[in-house]
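This report refers to the structure that appears directly beneath it.
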Amino acid sequence: GINAEYMGFQVCRTTNMSLDPENENGDGFHTIEFQAVILAGGAGNRMYPLTEDIPKALLPVGNRPLIAYQLEMLEKAGFHEVIIITRSSTFRLMMRWIEESYKGKLKVQFVQVDGFVGTADALRQAKDLLKSDFFVVSGDLISNVQLHYLADIHRSRDAALTVLLQDIPPEKKDDEKRKKSQNDEDLQQFVGLEMDKDNRLVYFRSASDLDDDFVLPKSFLRRHPSVTFSNKWRDSHLYIMSRWVIELLEREDELSSIQGELIPYLVKHQFDPAFREWRSQTKLAQQASYRMSHAPQQHHDDENYRCYVYMAPSTTYCVRVNTVSSYVQANRDMASGIEFEYTPWTPVKHENYIDEVLKQYPKAQLGGGATLVGDGLKLGDNASIKRSIIGKHCKLGANVKIIDSILMDYVNVEDGCAIQESVLCHNSTVGNKSTLKECRIGTSYSLPSGTEIKNESLSNERK
């Protein structure tokens, strides 16, 4: 089911997106060249127990909700409005955060979907709200990519689909072979690009869908004689799509996943004659957006549309927070302040209360690199915090040692505890003289005094 909630929503200009200010549609609204959609309904199944009581989009990263990073990226790019698609079960929490805590200026419109649906299914639910080409941003993405570069590619090359990919540096490829990658499913895409044609995307398949012998038909090779294939380009789950893709989803209702089904479908049918008749009927709807582009368009009779890739520069920060390990790493990155700063909001490091805490507790030991402390922290004598992120209103007893860990809001750690490489969710409690290493503790979970555990995931729902 679909249920749209309006929160001061209005159609408005995205001023740095090359909008034609003179063009208005029949409803009297200014025509937007690009809209923006955040897919924030992910369950976070691979993040147990962190997401059992907290929607993944509201998990704190650097002591601010994960979804704040996508909102900030869009606002920085010049958007004035955004559509957030979320599940009905998490809608109230999401709306409350927008109403009470969101600091940005984007006007937010929610679309609710019932239960767990695929990403393409969720996008289909927003069909009545999408009037132009649109960005799709995963609700677990943190990136400082410059969105106008993707918009320029999409606009100037008359693309139906533009995909953000990231090349993994060689040193990171070796590291990710030794341990589970934070985005291991995204490394399983087999991608083919015509690099001599501005990174035109001509092949996109999941590695699991391929046979041991990789075979291409002769017709493909004749059409694309120079293609570079790789499974080392990471799909960042940030796309631009033409408005008619929504009409395609209405026609092809079996397409459920954007990455797994919709993108392979679009890439495959770029030159399919059987697709051409239906596609020709949708082109009239795009004429207005064609006129907005200042770049000359080159059309070929044998193509239906075009798909392209924007390869993120090596300096781009681009991380999906979809596992516990990627969640921990993203927190460390945000606390370090090395990767990038945020505008227009206050940078994460400027909301660090370390100095205030040290003034109140001069004997405390705080620091050691990427350490971030929230407001209202209470410390016992000789408490020590190193390379850790501490949320708001936490309480740490005497002689407590916190190393390489994340404590969310209102966590209580009693005297004499040692916590290392662990994540403790909101309102959790650790009893006296306990030792935790490499553990994940769920919301409101209480550990008795003297607990000694390693590599455990504990929650109230799975006692």
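Each chain in the structure tokens gets a letter, A, B and so on, in the order shown; residues start at 1 in every chain, and ligands are counted from 1 in the order they appear.
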Fewer than 4 positions away in the same chain doesn't count, so skip those; otherwise give me all residues within 9 Å of Thr228 of chain A, counting only C-alpha atoms, as a PyMOL selection string. chain A and resi 191-195
Might you pull out every residue within 7 Å of segment 79-91 of chain A, with only C-alpha atoms counted and same-chain residues fewer than 6 positions away left off, and present them as a VMD selection string? chain A and resid 12 to 14 36 to 41 55 106 to 115 122
File dump, residues just selected, all heavy atoms, as a short mmCIF file (atom, residue, chain, number, x, y, z; two decimals), in the first residue's frame:
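Writing done, so here's part_0.cif:
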```cif
data_model
loop_
_atom_site.label_atom_id
_atom_site.label_comp_id
_atom_site.auth_asym_id
_atom_site.auth_seq_id
_atom_site.Cartn_x
_atom_site.Cartn_y
_atom_site.Cartn_z
N CYS A 12 9.51 23.16 -5.95
CA CYS A 12 10.32 24.36 -6.02
C CYS A 12 11.57 24.10 -6.86
O CYS A 12 11.87 22.97 -7.20
CB CYS A 12 10.71 24.83 -4.62
SG CYS A 12 11.42 23.51 -3.61
N ARG A 13 12.28 25.15 -7.16
CA ARG A 13 13.40 25.04 -8.08
C ARG A 13 14.65 24.48 -7.40
O ARG A 13 14.94 24.80 -6.26
CB ARG A 13 13.74 26.42 -8.65
CG ARG A 13 12.60 27.07 -9.38
CD ARG A 13 13.03 28.43 -9.89
NE ARG A 13 11.91 29.13 -10.50
CZ ARG A 13 12.01 30.35 -11.00
NH1 ARG A 13 13.14 30.99 -10.98
NH2 ARG A 13 10.95 30.93 -11.55
N THR A 14 15.40 23.67 -8.14
CA THR A 14 16.74 23.32 -7.71
C THR A 14 17.67 24.21 -8.51
O THR A 14 18.03 23.93 -9.63
CB THR A 14 17.02 21.83 -8.00
OG1 THR A 14 16.71 21.56 -9.37
CG2 THR A 14 16.19 20.94 -7.14
N ALA A 36 14.62 14.25 -6.31
CA ALA A 36 15.49 13.40 -5.50
C ALA A 36 14.66 12.45 -4.66
O ALA A 36 13.67 12.86 -4.04
CB ALA A 36 16.40 14.24 -4.61
N VAL A 37 15.09 11.19 -4.63
CA VAL A 37 14.43 10.15 -3.85
C VAL A 37 15.48 9.47 -2.97
O VAL A 37 16.55 9.08 -3.45
CB VAL A 37 13.76 9.10 -4.75
CG1 VAL A 37 13.13 7.99 -3.90
CG2 VAL A 37 12.73 9.74 -5.65
N ILE A 38 15.17 9.33 -1.68
CA ILE A 38 16.01 8.54 -0.78
C ILE A 38 15.25 7.27 -0.43
O ILE A 38 14.11 7.32 0.04
CB ILE A 38 16.34 9.31 0.51
CG1 ILE A 38 17.16 10.56 0.19
CG2 ILE A 38 17.13 8.41 1.48
CD1 ILE A 38 17.44 11.42 1.42
N LEU A 39 15.87 6.13 -0.67
CA LEU A 39 15.29 4.84 -0.32
C LEU A 39 15.74 4.49 1.10
O LEU A 39 16.86 4.04 1.32
CB LEU A 39 15.73 3.76 -1.30
CG LEU A 39 15.33 3.99 -2.76
CD1 LEU A 39 15.90 2.89 -3.65
CD2 LEU A 39 13.81 4.05 -2.91
N ALA A 40 14.84 4.72 2.07
CA ALA A 40 15.21 4.59 3.48
C ALA A 40 14.41 3.49 4.17
O ALA A 40 14.14 3.58 5.37
CB ALA A 40 15.00 5.92 4.20
N GLY A 41 14.03 2.46 3.43
CA GLY A 41 13.24 1.39 4.02
C GLY A 41 14.00 0.12 4.28
O GLY A 41 13.41 -0.91 4.64
N PRO A 55 15.56 1.91 13.23
CA PRO A 55 15.61 1.86 11.76
C PRO A 55 17.03 2.16 11.28
O PRO A 55 17.72 3.03 11.84
CB PRO A 55 14.64 2.98 11.34
CG PRO A 55 13.74 3.18 12.51
CD PRO A 55 14.56 2.90 13.72
N LEU A 106 15.70 21.27 3.44
CA LEU A 106 14.94 20.51 2.45
C LEU A 106 13.50 20.32 2.92
O LEU A 106 13.24 20.04 4.09
CB LEU A 106 15.57 19.14 2.23
CG LEU A 106 16.88 19.08 1.47
CD1 LEU A 106 17.46 17.68 1.53
CD2 LEU A 106 16.69 19.50 0.02
N LYS A 107 12.58 20.45 1.99
CA LYS A 107 11.18 20.12 2.27
C LYS A 107 11.00 18.64 1.98
O LYS A 107 11.33 18.15 0.90
CB LYS A 107 10.26 20.98 1.41
CG LYS A 107 10.39 22.47 1.76
CD LYS A 107 9.40 23.30 0.99
CE LYS A 107 9.60 24.78 1.30
NZ LYS A 107 9.37 25.08 2.73
N VAL A 108 10.48 17.92 2.96
CA VAL A 108 10.45 16.46 2.93
C VAL A 108 9.05 15.95 2.68
O VAL A 108 8.08 16.42 3.29
CB VAL A 108 10.98 15.88 4.26
CG1 VAL A 108 10.89 14.36 4.26
CG2 VAL A 108 12.43 16.33 4.48
N GLN A 109 8.95 14.99 1.78
CA GLN A 109 7.70 14.30 1.53
C GLN A 109 7.94 12.81 1.71
O GLN A 109 8.87 12.24 1.13
CB GLN A 109 7.19 14.58 0.12
CG GLN A 109 5.82 14.00 -0.16
CD GLN A 109 5.29 14.47 -1.50
OE1 GLN A 109 6.06 14.85 -2.38
NE2 GLN A 109 3.98 14.43 -1.67
N PHE A 110 7.12 12.16 2.52
CA PHE A 110 7.27 10.74 2.79
C PHE A 110 6.32 9.91 1.93
O PHE A 110 5.18 10.31 1.68
CB PHE A 110 6.96 10.43 4.26
CG PHE A 110 8.09 10.72 5.20
CD1 PHE A 110 8.10 11.89 5.94
CD2 PHE A 110 9.14 9.84 5.34
CE1 PHE A 110 9.13 12.17 6.81
CE2 PHE A 110 10.16 10.10 6.21
CZ PHE A 110 10.18 11.27 6.95
N VAL A 111 6.81 8.75 1.53
CA VAL A 111 5.97 7.72 0.93
C VAL A 111 6.17 6.46 1.76
O VAL A 111 7.31 6.01 1.96
CB VAL A 111 6.32 7.45 -0.54
CG1 VAL A 111 5.57 6.22 -1.05
CG2 VAL A 111 5.99 8.66 -1.40
N GLN A 112 5.09 5.89 2.25
CA GLN A 112 5.16 4.68 3.05
C GLN A 112 4.87 3.46 2.19
O GLN A 112 3.96 3.49 1.36
CB GLN A 112 4.14 4.72 4.18
CG GLN A 112 4.34 5.86 5.18
CD GLN A 112 3.30 5.80 6.25
OE1 GLN A 112 3.19 4.82 7.00
NE2 GLN A 112 2.48 6.85 6.36
N VAL A 113 5.62 2.40 2.43
CA VAL A 113 5.35 1.11 1.79
C VAL A 113 5.15 0.09 2.89
O VAL A 113 5.79 0.15 3.94
CB VAL A 113 6.48 0.69 0.83
CG1 VAL A 113 6.57 1.64 -0.34
CG2 VAL A 113 7.81 0.61 1.54
N ASP A 114 4.27 -0.85 2.64
CA ASP A 114 3.96 -1.87 3.64
C ASP A 114 4.93 -3.03 3.52
O ASP A 114 5.16 -3.56 2.43
CB ASP A 114 2.53 -2.39 3.45
CG ASP A 114 1.48 -1.32 3.75
OD1 ASP A 114 1.78 -0.43 4.57
OD2 ASP A 114 0.39 -1.37 3.14
N GLY A 115 5.50 -3.43 4.66
CA GLY A 115 6.36 -4.59 4.69
C GLY A 115 7.70 -4.35 4.01
O GLY A 115 8.10 -3.22 3.73
N ALA A 122 9.67 -0.30 -4.29
CA ALA A 122 9.49 0.92 -3.52
C ALA A 122 9.43 2.14 -4.42
O ALA A 122 8.60 3.04 -4.24
CB ALA A 122 10.63 1.07 -2.51
#
```
Could you please write out, as an NGL selection string, every residue of segment 25-125 of chain A that DSSP assigns to helix (DSSP H, G or I)? :A and (45-47 or 56-58 or 67-77 or 88-100 or 119-125)
Go ahead and compute the interatomic distance for atom CA of Leu377 of chain A and atom CA of Ser336 of chain A, in Å to one decimal. 19.6 Å
Figure out the distance between atom CA of Lys437 of chain A and atom CA of Glu452 of chain A, please, to one decimal in Å.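 Interatomic distance here is 8.5 Å.
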Take atom CA of Leu164 of chain A and atom CA of Lys105 of chain A and report the distance between them in Å, one decimal.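 So the two atoms, atom CA of Leu164 of chain A and atom CA of Lys105 of chain A, lie 25.4 Å apart.
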So that I can check the surroundings of segment 380-393 of chain A, please list as a ChimeraX atom specification every protein, DNA and RNA residue that reaches within 8 Å of it, counting only C-alpha atoms and ignoring chain neighbours fewer than 3 positions away. /A:62-63,331-332,335,363-377,396-411,415
Output of the above residues as a CSV table (one decimal), in the first residue's frame, restricted to N, CA, C and O atoms:
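The resulting result.csv:
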```csv
chain,number,residue,atom,x,y,z
A,62,GLY,N,28.7,9.1,13.8
A,62,GLY,CA,29.2,10.4,14.3
A,62,GLY,C,28.2,11.2,15.1
A,62,GLY,O,28.2,12.4,15.0
A,63,ASN,N,27.4,10.5,15.8
A,63,ASN,CA,26.3,11.1,16.7
A,63,ASN,C,25.3,11.9,15.9
A,63,ASN,O,24.7,12.8,16.4
A,331,ASN,N,31.8,5.4,11.4
A,331,ASN,CA,31.8,6.2,12.6
A,331,ASN,C,33.2,6.8,12.9
A,331,ASN,O,33.4,7.9,13.2
A,332,ARG,N,34.2,5.9,12.7
A,332,ARG,CA,35.6,6.3,12.9
A,332,ARG,C,36.0,7.4,11.9
A,332,ARG,O,36.7,8.4,12.2
A,335,ALA,N,34.3,10.7,12.9
A,335,ALA,CA,34.9,11.3,14.1
A,335,ALA,C,36.3,11.8,13.8
A,335,ALA,O,36.7,12.8,14.5
A,363,LYS,N,40.8,14.6,35.5
A,363,LYS,CA,41.5,13.3,35.6
A,363,LYS,C,41.2,12.3,34.5
A,363,LYS,O,41.8,11.2,34.5
A,364,ALA,N,40.1,12.6,33.8
A,364,ALA,CA,39.7,11.6,32.7
A,364,ALA,C,40.8,11.6,31.6
A,364,ALA,O,41.5,12.6,31.3
A,365,GLN,N,40.8,10.5,30.9
A,365,GLN,CA,41.7,10.3,29.8
A,365,GLN,C,40.9,10.1,28.5
A,365,GLN,O,40.2,9.1,28.3
A,366,LEU,N,40.9,11.2,27.7
A,366,LEU,CA,40.1,11.2,26.5
A,366,LEU,C,41.0,11.5,25.3
A,366,LEU,O,41.8,12.4,25.4
A,367,GLY,N,40.7,10.8,24.2
A,367,GLY,CA,41.5,11.1,23.0
A,367,GLY,C,42.0,9.9,22.3
A,367,GLY,O,41.3,8.9,22.2
A,368,GLY,N,43.2,10.0,21.8
A,368,GLY,CA,43.8,8.9,21.1
A,368,GLY,C,43.3,8.8,19.6
A,368,GLY,O,43.2,7.7,19.2
A,369,GLY,N,43.1,9.9,19.0
A,369,GLY,CA,42.7,9.8,17.6
A,369,GLY,C,41.2,10.1,17.4
A,369,GLY,O,40.7,11.1,17.9
A,370,ALA,N,40.5,9.3,16.7
A,370,ALA,CA,39.1,9.5,16.3
A,370,ALA,C,38.2,9.3,17.5
A,370,ALA,O,37.5,8.2,17.6
A,371,THR,N,38.1,10.3,18.4
A,371,THR,CA,37.3,10.2,19.6
A,371,THR,C,36.2,11.3,19.5
A,371,THR,O,36.6,12.5,19.2
A,372,LEU,N,35.0,10.9,19.7
A,372,LEU,CA,33.9,11.9,19.6
A,372,LEU,C,33.0,11.7,20.8
A,372,LEU,O,32.6,10.5,21.1
A,373,VAL,N,32.7,12.8,21.5
A,373,VAL,CA,31.9,12.7,22.8
A,373,VAL,C,30.7,13.5,22.6
A,373,VAL,O,30.8,14.7,22.3
A,374,GLY,N,29.5,13.0,22.9
A,374,GLY,CA,28.3,13.7,22.9
A,374,GLY,C,28.0,14.5,24.2
A,374,GLY,O,28.8,14.4,25.2
A,375,ASP,N,27.0,15.3,24.1
A,375,ASP,CA,26.6,16.1,25.3
A,375,ASP,C,26.1,15.3,26.5
A,375,ASP,O,25.6,14.3,26.3
A,376,GLY,N,26.4,15.9,27.7
A,376,GLY,CA,25.8,15.3,28.9
A,376,GLY,C,26.5,14.0,29.4
A,376,GLY,O,26.0,13.3,30.2
A,377,LEU,N,27.8,13.8,29.0
A,377,LEU,CA,28.5,12.6,29.5
A,377,LEU,C,28.9,12.8,31.0
A,377,LEU,O,29.4,13.9,31.4
A,396,LEU,N,29.6,6.7,32.5
A,396,LEU,CA,30.7,5.7,32.6
A,396,LEU,C,31.3,5.8,34.1
A,396,LEU,O,31.6,6.9,34.6
A,397,GLY,N,31.3,4.7,34.7
A,397,GLY,CA,31.8,4.6,36.1
A,397,GLY,C,33.3,4.8,36.3
A,397,GLY,O,34.0,5.0,35.4
A,398,ALA,N,33.7,4.6,37.6
A,398,ALA,CA,35.1,4.7,37.9
A,398,ALA,C,35.9,3.6,37.3
A,398,ALA,O,35.5,2.5,37.2
A,399,ASN,N,37.1,4.0,36.8
A,399,ASN,CA,38.1,3.0,36.2
A,399,ASN,C,37.5,2.3,35.0
A,399,ASN,O,38.0,1.2,34.7
A,400,VAL,N,36.6,2.8,34.3
A,400,VAL,CA,36.1,2.3,33.1
A,400,VAL,C,37.0,2.6,31.9
A,400,VAL,O,37.5,3.7,31.8
A,401,LYS,N,37.2,1.6,31.1
A,401,LYS,CA,38.1,1.8,29.9
A,401,LYS,C,37.3,1.5,28.7
A,401,LYS,O,36.8,0.3,28.5
A,402,ILE,N,37.2,2.4,27.8
A,402,ILE,CA,36.5,2.3,26.5
A,402,ILE,C,37.5,2.5,25.4
A,402,ILE,O,38.1,3.5,25.2
A,403,ILE,N,37.7,1.4,24.5
A,403,ILE,CA,38.7,1.5,23.5
A,403,ILE,C,38.1,1.0,22.2
A,403,ILE,O,37.4,-0.1,22.1
A,404,ASP,N,38.2,1.8,21.1
A,404,ASP,CA,37.8,1.4,19.8
A,404,ASP,C,36.4,1.0,19.7
A,404,ASP,O,36.0,0.0,19.1
A,405,SER,N,35.5,1.7,20.4
A,405,SER,CA,34.1,1.2,20.6
A,405,SER,C,33.1,2.4,20.2
A,405,SER,O,33.5,3.5,20.1
A,406,ILE,N,31.9,2.0,20.1
A,406,ILE,CA,30.8,3.0,19.9
A,406,ILE,C,29.7,2.7,20.9
A,406,ILE,O,29.2,1.6,21.1
A,407,LEU,N,29.4,3.8,21.7
A,407,LEU,CA,28.3,3.8,22.6
A,407,LEU,C,27.2,4.8,22.1
A,407,LEU,O,27.5,5.9,22.0
A,408,MET,N,26.0,4.3,21.9
A,408,MET,CA,25.0,5.2,21.5
A,408,MET,C,24.4,6.0,22.7
A,408,MET,O,25.1,6.0,23.8
A,409,ASP,N,23.3,6.6,22.6
A,409,ASP,CA,22.8,7.5,23.7
A,409,ASP,C,22.4,6.7,24.9
A,409,ASP,O,21.9,5.6,24.8
A,410,TYR,N,22.6,7.3,26.1
A,410,TYR,CA,22.0,6.8,27.4
A,410,TYR,C,22.6,5.5,27.7
A,410,TYR,O,21.9,4.6,28.3
A,411,VAL,N,23.8,5.2,27.4
A,411,VAL,CA,24.4,3.9,27.8
A,411,VAL,C,25.1,4.1,29.2
A,411,VAL,O,25.7,5.1,29.5
A,415,ASP,N,31.2,0.6,37.2
A,415,ASP,CA,32.6,0.7,37.6
A,415,ASP,C,33.4,-0.5,37.2
A,415,ASP,O,33.0,-1.6,37.2
```
Residues at most 10 Å from Ser101 of chain A, counting only C-alpha atoms, excluding those fewer than 4 positions away in the same chain, as a ChimeraX atom specification? /A:64-65,95-97
For His224 of chain A, work out the shell of residues within 9 Å, counting only C-alpha atoms and skipping chain neighbours fewer than 4 positions away, then give it as a ChimeraX atom specification. /A:194,202,219-220
